[in-house]
Amino acid sequence: ADEVLERVLVSQISRLNHYVGQYNHVLCLERNNGIPHADIEMNFSYDKYKEVLQTVFDYYKTNRLPYYNFEIRTTNQDDAFLSCCQSRRAMWIDFQAKASISKNFFEEMTSLLKQYGYRKHWAKGMDNSDPRYIVDQFPDIAKFIEAVKLIDPMGKFRNDEGESWFKALDRLTAGDCTTNATEGSKILIKETVSTIG
């Protein structure tokens, strides 16, 4: 038992050495125990953290946690077109589940927490996403689509998954950029293209 504990501690110290600040994720083996798992990470406005966390805790009063944990972190706001933190300080919750049961669990979480206007981490759980909901959560998504069209008109820098999202989002935002984009945004896009070109 001492040897196993020592291996886990060494593994976690190595894994967590780049984190800054307090991190209360102790003795976790998710990447070392061979159980395939999936995760979905949701971003919420920090102003809603009490309601979001209470809703999650209430859910777990009557439902079994499908894996050993979920992670919570916070980040500051920024202004990137597709950033989950655009125009808001954020609290993130990373839900994890065994791969075999993740789809149902993630659907439950997205349904339960939709009322709080989550934005999903672009690399975690997007297969459980409705593109219409995504468009509604990112105020500058039309500006991003327009920039992509200018910078990468042939799709050279998109894989199949990225291309399918791009096409869906483009259809849903058709015309939105020209009616809602400010002159400054159009100049920024042109400057970006000029810098790259």
# chains A, B, ... in the order shown; residues from 1 in each chain; ligands from 1
$ residues_around --residues "segment 70-72 of chain A" --least-positions-apart "6" --cutoff "6 Å" --atoms "only C-alpha atoms" --output "PDB file with N, CA and C atoms, in the first residue's frame"
ATOM      1  N   TRP A  92     -15.563  27.755 -14.022  1.00  0.00           N
ATOM      2  CA  TRP A  92     -15.634  26.562 -14.857  1.00  0.00           C
ATOM      3  C   TRP A  92     -15.938  25.352 -13.974  1.00  0.00           C
ATOM      4  N   ILE A  93     -16.707  24.415 -14.529  1.00  0.00           N
ATOM      5  CA  ILE A  93     -16.876  23.107 -13.897  1.00  0.00           C
ATOM      6  C   ILE A  93     -16.558  22.061 -14.954  1.00  0.00           C
ATOM      7  N   ASP A  94     -15.611  21.199 -14.628  1.00  0.00           N
ATOM      8  CA  ASP A  94     -15.218  20.097 -15.504  1.00  0.00           C
ATOM      9  C   ASP A  94     -15.813  18.818 -14.922  1.00  0.00           C
ATOM     10  N   PHE A  95     -16.870  18.317 -15.573  1.00  0.00           N
ATOM     11  CA  PHE A  95     -17.506  17.075 -15.136  1.00  0.00           C
ATOM     12  C   PHE A  95     -16.822  15.907 -15.827  1.00  0.00           C
TER      13      PHE A  95
END
$ residues_around --residues "segment 81-83 of chain A" --least-positions-apart "5" --cutoff "8 Å" --atoms "only C-alpha atoms" --output "count of residues only"
6
$ atom_distance --atom1 "atom CA of Pro131 of chain A" --atom2 "atom CA of Arg119 of chain A"
11.6 Å
$ closest_atom_pairs --of "segment 99-181 of chain A" --to "segment 32-52 of chain A" --cutoff "7 Å" --atoms "only C-alpha atoms" --output "Markdown table"
| residue | atom | partner | partner_atom | distance |
| --- | --- | --- | --- | --- |
| A:Ala99 | CA | A:His37 | CA | 4.4 |
| A:Ser102 | CA | A:Ala38 | CA | 6.4 |
| A:Phe106 | CA | A:Ile40 | CA | 6.9 |
| A:Tyr116 | CA | A:Phe44 | CA | 6.9 |
| A:Gly117 | CA | A:Phe44 | CA | 6.6 |
| A:Tyr118 | CA | A:Phe44 | CA | 4.9 |
| A:Arg119 | CA | A:Asn43 | CA | 5.0 |
| A:Lys120 | CA | A:Met42 | CA | 4.6 |
| A:His121 | CA | A:Glu41 | CA | 5.4 |
| A:Lys124 | CA | A:Ile40 | CA | 4.7 |
| A:Gly125 | CA | A:Ile40 | CA | 4.4 |
$ write_last_selection --atoms "all heavy atoms" --output "mmCIF file, in the first residue's frame"
data_model
loop_
_atom_site.group_PDB
_atom_site.id
_atom_site.type_symbol
_atom_site.label_atom_id
_atom_site.label_comp_id
_atom_site.auth_asym_id
_atom_site.auth_seq_id
_atom_site.Cartn_x
_atom_site.Cartn_y
_atom_site.Cartn_z
ATOM 1 N N ALA A 99 -16.265 6.650 -19.710
ATOM 2 C CA ALA A 99 -16.658 6.851 -21.103
ATOM 3 C C ALA A 99 -17.958 6.142 -21.443
ATOM 4 O O ALA A 99 -18.790 6.667 -22.192
ATOM 5 C CB ALA A 99 -15.529 6.386 -22.022
ATOM 6 N N SER A 102 -20.834 8.369 -20.133
ATOM 7 C CA SER A 102 -20.670 9.827 -20.204
ATOM 8 C C SER A 102 -21.753 10.524 -21.007
ATOM 9 O O SER A 102 -22.196 11.612 -20.634
ATOM 10 C CB SER A 102 -19.289 10.180 -20.758
ATOM 11 O OG SER A 102 -19.152 9.718 -22.087
ATOM 12 N N PHE A 106 -23.624 13.634 -19.410
ATOM 13 C CA PHE A 106 -23.360 14.964 -19.957
ATOM 14 C C PHE A 106 -24.650 15.611 -20.462
ATOM 15 O O PHE A 106 -24.843 16.824 -20.330
ATOM 16 C CB PHE A 106 -22.322 14.899 -21.063
ATOM 17 C CG PHE A 106 -20.947 14.499 -20.583
ATOM 18 C CD1 PHE A 106 -19.994 14.067 -21.484
ATOM 19 C CD2 PHE A 106 -20.606 14.531 -19.236
ATOM 20 C CE1 PHE A 106 -18.727 13.714 -21.054
ATOM 21 C CE2 PHE A 106 -19.344 14.166 -18.801
ATOM 22 C CZ PHE A 106 -18.398 13.754 -19.718
ATOM 23 N N TYR A 116 -28.403 28.656 -16.821
ATOM 24 C CA TYR A 116 -27.385 29.604 -16.344
ATOM 25 C C TYR A 116 -26.487 30.119 -17.473
ATOM 26 O O TYR A 116 -25.533 30.840 -17.215
ATOM 27 C CB TYR A 116 -26.536 28.956 -15.254
ATOM 28 C CG TYR A 116 -27.371 28.529 -14.071
ATOM 29 C CD1 TYR A 116 -27.563 27.185 -13.787
ATOM 30 C CD2 TYR A 116 -28.005 29.478 -13.258
ATOM 31 C CE1 TYR A 116 -28.359 26.789 -12.720
ATOM 32 C CE2 TYR A 116 -28.802 29.090 -12.196
ATOM 33 C CZ TYR A 116 -28.974 27.746 -11.932
ATOM 34 O OH TYR A 116 -29.766 27.357 -10.883
ATOM 35 N N GLY A 117 -26.800 29.757 -18.715
ATOM 36 C CA GLY A 117 -26.065 30.293 -19.855
ATOM 37 C C GLY A 117 -24.622 29.841 -19.931
ATOM 38 O O GLY A 117 -23.729 30.664 -20.128
ATOM 39 N N TYR A 118 -24.403 28.534 -19.805
ATOM 40 C CA TYR A 118 -23.021 28.040 -19.881
ATOM 41 C C TYR A 118 -22.451 28.212 -21.285
ATOM 42 O O TYR A 118 -23.181 28.299 -22.264
ATOM 43 C CB TYR A 118 -22.930 26.564 -19.460
ATOM 44 C CG TYR A 118 -23.675 25.610 -20.368
ATOM 45 C CD1 TYR A 118 -23.160 25.221 -21.604
ATOM 46 C CD2 TYR A 118 -24.907 25.093 -19.993
ATOM 47 C CE1 TYR A 118 -23.839 24.371 -22.432
ATOM 48 C CE2 TYR A 118 -25.600 24.225 -20.816
ATOM 49 C CZ TYR A 118 -25.061 23.869 -22.040
ATOM 50 O OH TYR A 118 -25.744 23.023 -22.853
ATOM 51 N N ARG A 119 -21.153 28.277 -21.331
ATOM 52 C CA ARG A 119 -20.398 28.209 -22.586
ATOM 53 C C ARG A 119 -19.466 27.021 -22.436
ATOM 54 O O ARG A 119 -18.783 26.905 -21.425
ATOM 55 C CB ARG A 119 -19.582 29.491 -22.811
ATOM 56 C CG ARG A 119 -20.440 30.726 -22.975
ATOM 57 C CD ARG A 119 -19.561 31.963 -23.071
ATOM 58 N NE ARG A 119 -20.361 33.176 -23.196
ATOM 59 C CZ ARG A 119 -19.860 34.403 -23.097
ATOM 60 N NH1 ARG A 119 -18.570 34.571 -22.856
ATOM 61 N NH2 ARG A 119 -20.637 35.446 -23.226
ATOM 62 N N LYS A 120 -19.427 26.165 -23.418
ATOM 63 C CA LYS A 120 -18.599 24.960 -23.315
ATOM 64 C C LYS A 120 -17.169 25.220 -23.757
ATOM 65 O O LYS A 120 -16.920 25.973 -24.699
ATOM 66 C CB LYS A 120 -19.171 23.842 -24.180
ATOM 67 C CG LYS A 120 -20.364 23.174 -23.570
ATOM 68 C CD LYS A 120 -20.712 21.940 -24.373
ATOM 69 C CE LYS A 120 -21.975 21.307 -23.869
ATOM 70 N NZ LYS A 120 -22.391 20.229 -24.746
ATOM 71 N N HIS A 121 -16.261 24.554 -23.061
ATOM 72 C CA HIS A 121 -14.862 24.498 -23.488
ATOM 73 C C HIS A 121 -14.862 23.895 -24.888
ATOM 74 O O HIS A 121 -15.483 22.858 -25.125
ATOM 75 C CB HIS A 121 -14.092 23.613 -22.503
ATOM 76 C CG HIS A 121 -12.622 23.586 -22.709
ATOM 77 N ND1 HIS A 121 -12.041 23.119 -23.860
ATOM 78 C CD2 HIS A 121 -11.611 23.941 -21.880
ATOM 79 C CE1 HIS A 121 -10.721 23.191 -23.741
ATOM 80 N NE2 HIS A 121 -10.444 23.696 -22.558
ATOM 81 N N LYS A 124 -13.926 20.130 -25.113
ATOM 82 C CA LYS A 124 -14.460 19.152 -24.159
ATOM 83 C C LYS A 124 -15.978 19.074 -24.249
ATOM 84 O O LYS A 124 -16.682 19.966 -23.802
ATOM 85 C CB LYS A 124 -14.058 19.516 -22.729
ATOM 86 C CG LYS A 124 -12.568 19.494 -22.490
ATOM 87 C CD LYS A 124 -12.257 19.861 -21.055
ATOM 88 C CE LYS A 124 -10.762 19.840 -20.806
ATOM 89 N NZ LYS A 124 -10.457 20.221 -19.418
ATOM 90 N N GLY A 125 -16.467 18.005 -24.812
ATOM 91 C CA GLY A 125 -17.897 17.752 -24.807
ATOM 92 C C GLY A 125 -18.699 18.446 -25.880
ATOM 93 O O GLY A 125 -19.914 18.547 -25.775
#
$ atom_distance --atom1 "atom CA of Met109 of chain A" --atom2 "atom CA of Tyr59 of chain A"
9.2 Å
$ atom_distance --atom1 "atom CA of Gln96 of chain A" --atom2 "atom CA of Val56 of chain A"
13.3 Å
$ decode --residues "segment 65-163 of chain A" --atoms "C-alpha atoms" --output "PDB file, in the first residue's frame"
ATOM      1  CA  LEU A  65     -21.608  10.996  -8.888  1.00  0.00           C
ATOM      2  CA  PRO A  66     -20.594   8.898 -11.927  1.00  0.00           C
ATOM      3  CA  TYR A  67     -16.887   9.342 -11.315  1.00  0.00           C
ATOM      4  CA  TYR A  68     -14.784  10.292  -8.354  1.00  0.00           C
ATOM      5  CA  ASN A  69     -14.871  14.072  -8.820  1.00  0.00           C
ATOM      6  CA  PHE A  70     -15.552  17.204 -10.764  1.00  0.00           C
ATOM      7  CA  GLU A  71     -13.185  20.164 -10.960  1.00  0.00           C
ATOM      8  CA  ILE A  72     -13.937  23.851 -10.438  1.00  0.00           C
ATOM      9  CA  ARG A  73     -11.698  26.724 -11.522  1.00  0.00           C
ATOM     10  CA  THR A  74     -12.027  30.441 -12.205  1.00  0.00           C
ATOM     11  CA  THR A  75     -10.584  32.720 -14.880  1.00  0.00           C
ATOM     12  CA  ASN A  76     -10.672  36.417 -15.653  1.00  0.00           C
ATOM     13  CA  GLN A  77     -12.564  37.925 -18.570  1.00  0.00           C
ATOM     14  CA  ASP A  78     -11.016  38.621 -21.960  1.00  0.00           C
ATOM     15  CA  ASP A  79     -12.103  39.889 -25.365  1.00  0.00           C
ATOM     16  CA  ALA A  80     -11.286  37.069 -27.819  1.00  0.00           C
ATOM     17  CA  PHE A  81     -14.098  36.334 -30.297  1.00  0.00           C
ATOM     18  CA  LEU A  82     -14.683  32.707 -29.225  1.00  0.00           C
ATOM     19  CA  SER A  83     -13.388  32.812 -25.687  1.00  0.00           C
ATOM     20  CA  CYS A  84     -15.698  31.371 -23.067  1.00  0.00           C
ATOM     21  CA  CYS A  85     -14.500  34.264 -20.889  1.00  0.00           C
ATOM     22  CA  GLN A  86     -15.405  36.980 -23.370  1.00  0.00           C
ATOM     23  CA  SER A  87     -16.847  39.931 -21.467  1.00  0.00           C
ATOM     24  CA  ARG A  88     -17.231  38.022 -18.201  1.00  0.00           C
ATOM     25  CA  ARG A  89     -15.259  36.658 -15.295  1.00  0.00           C
ATOM     26  CA  ALA A  90     -15.873  32.950 -15.239  1.00  0.00           C
ATOM     27  CA  MET A  91     -16.257  29.875 -13.121  1.00  0.00           C
ATOM     28  CA  TRP A  92     -15.634  26.562 -14.857  1.00  0.00           C
ATOM     29  CA  ILE A  93     -16.876  23.107 -13.897  1.00  0.00           C
ATOM     30  CA  ASP A  94     -15.218  20.097 -15.504  1.00  0.00           C
ATOM     31  CA  PHE A  95     -17.506  17.075 -15.136  1.00  0.00           C
ATOM     32  CA  GLN A  96     -15.982  13.660 -15.652  1.00  0.00           C
ATOM     33  CA  ALA A  97     -17.538  10.251 -16.174  1.00  0.00           C
ATOM     34  CA  LYS A  98     -16.551   6.809 -17.317  1.00  0.00           C
ATOM     35  CA  ALA A  99     -16.658   6.851 -21.103  1.00  0.00           C
ATOM     36  CA  SER A 100     -19.346   4.179 -21.214  1.00  0.00           C
ATOM     37  CA  ILE A 101     -21.882   6.340 -19.332  1.00  0.00           C
ATOM     38  CA  SER A 102     -20.670   9.827 -20.204  1.00  0.00           C
ATOM     39  CA  LYS A 103     -23.153  10.649 -22.969  1.00  0.00           C
ATOM     40  CA  ASN A 104     -26.244  10.315 -20.755  1.00  0.00           C
ATOM     41  CA  PHE A 105     -24.603  12.058 -17.811  1.00  0.00           C
ATOM     42  CA  PHE A 106     -23.360  14.964 -19.957  1.00  0.00           C
ATOM     43  CA  GLU A 107     -26.827  15.383 -21.481  1.00  0.00           C
ATOM     44  CA  GLU A 108     -28.281  15.577 -17.956  1.00  0.00           C
ATOM     45  CA  MET A 109     -25.737  18.214 -16.927  1.00  0.00           C
ATOM     46  CA  THR A 110     -26.227  20.356 -20.041  1.00  0.00           C
ATOM     47  CA  SER A 111     -29.998  20.224 -19.610  1.00  0.00           C
ATOM     48  CA  LEU A 112     -29.821  20.994 -15.890  1.00  0.00           C
ATOM     49  CA  LEU A 113     -27.394  23.911 -16.253  1.00  0.00           C
ATOM     50  CA  LYS A 114     -28.620  25.468 -19.493  1.00  0.00           C
ATOM     51  CA  GLN A 115     -30.659  27.996 -17.509  1.00  0.00           C
ATOM     52  CA  TYR A 116     -27.385  29.604 -16.344  1.00  0.00           C
ATOM     53  CA  GLY A 117     -26.065  30.293 -19.855  1.00  0.00           C
ATOM     54  CA  TYR A 118     -23.021  28.040 -19.881  1.00  0.00           C
ATOM     55  CA  ARG A 119     -20.398  28.209 -22.586  1.00  0.00           C
ATOM     56  CA  LYS A 120     -18.599  24.960 -23.315  1.00  0.00           C
ATOM     57  CA  HIS A 121     -14.862  24.498 -23.488  1.00  0.00           C
ATOM     58  CA  TRP A 122     -14.249  24.114 -27.218  1.00  0.00           C
ATOM     59  CA  ALA A 123     -12.258  20.885 -26.737  1.00  0.00           C
ATOM     60  CA  LYS A 124     -14.460  19.152 -24.159  1.00  0.00           C
ATOM     61  CA  GLY A 125     -17.897  17.752 -24.807  1.00  0.00           C
ATOM     62  CA  MET A 126     -18.803  19.612 -27.969  1.00  0.00           C
ATOM     63  CA  ASP A 127     -20.332  16.430 -29.379  1.00  0.00           C
ATOM     64  CA  ASN A 128     -23.186  17.030 -26.913  1.00  0.00           C
ATOM     65  CA  SER A 129     -23.896  20.501 -28.286  1.00  0.00           C
ATOM     66  CA  ASP A 130     -26.639  22.236 -30.205  1.00  0.00           C
ATOM     67  CA  PRO A 131     -25.071  24.766 -32.601  1.00  0.00           C
ATOM     68  CA  ARG A 132     -28.024  27.157 -32.109  1.00  0.00           C
ATOM     69  CA  TYR A 133     -27.310  27.295 -28.377  1.00  0.00           C
ATOM     70  CA  ILE A 134     -23.600  27.879 -29.057  1.00  0.00           C
ATOM     71  CA  VAL A 135     -24.375  30.835 -31.338  1.00  0.00           C
ATOM     72  CA  ASP A 136     -26.557  32.403 -28.654  1.00  0.00           C
ATOM     73  CA  GLN A 137     -23.790  32.168 -26.035  1.00  0.00           C
ATOM     74  CA  PHE A 138     -20.972  33.829 -27.986  1.00  0.00           C
ATOM     75  CA  PRO A 139     -21.794  37.458 -28.826  1.00  0.00           C
ATOM     76  CA  ASP A 140     -18.985  37.862 -31.388  1.00  0.00           C
ATOM     77  CA  ILE A 141     -19.288  34.517 -33.153  1.00  0.00           C
ATOM     78  CA  ALA A 142     -20.415  36.184 -36.398  1.00  0.00           C
ATOM     79  CA  LYS A 143     -17.277  38.356 -36.328  1.00  0.00           C
ATOM     80  CA  PHE A 144     -15.192  35.212 -35.893  1.00  0.00           C
ATOM     81  CA  ILE A 145     -16.894  33.510 -38.865  1.00  0.00           C
ATOM     82  CA  GLU A 146     -16.257  36.593 -40.992  1.00  0.00           C
ATOM     83  CA  ALA A 147     -12.585  36.659 -39.950  1.00  0.00           C
ATOM     84  CA  VAL A 148     -12.186  32.959 -40.781  1.00  0.00           C
ATOM     85  CA  LYS A 149     -13.675  33.553 -44.230  1.00  0.00           C
ATOM     86  CA  LEU A 150     -11.137  36.323 -44.863  1.00  0.00           C
ATOM     87  CA  ILE A 151      -8.112  34.582 -43.360  1.00  0.00           C
ATOM     88  CA  ASP A 152      -8.764  30.969 -44.404  1.00  0.00           C
ATOM     89  CA  PRO A 153     -11.262  31.009 -47.285  1.00  0.00           C
ATOM     90  CA  MET A 154     -10.253  27.538 -48.523  1.00  0.00           C
ATOM     91  CA  GLY A 155     -10.396  25.856 -45.112  1.00  0.00           C
ATOM     92  CA  LYS A 156      -6.717  24.931 -45.172  1.00  0.00           C
ATOM     93  CA  PHE A 157      -6.438  25.194 -41.375  1.00  0.00           C
ATOM     94  CA  ARG A 158      -9.638  23.291 -40.493  1.00  0.00           C
ATOM     95  CA  ASN A 159     -10.018  19.569 -39.911  1.00  0.00           C
ATOM     96  CA  ASP A 160     -13.271  17.677 -40.577  1.00  0.00           C
ATOM     97  CA  GLU A 161     -14.692  18.407 -37.120  1.00  0.00           C
ATOM     98  CA  GLY A 162     -13.749  22.092 -37.345  1.00  0.00           C
ATOM     99  CA  GLU A 163     -15.215  22.342 -40.828  1.00  0.00           C
TER     100      GLU A 163
END
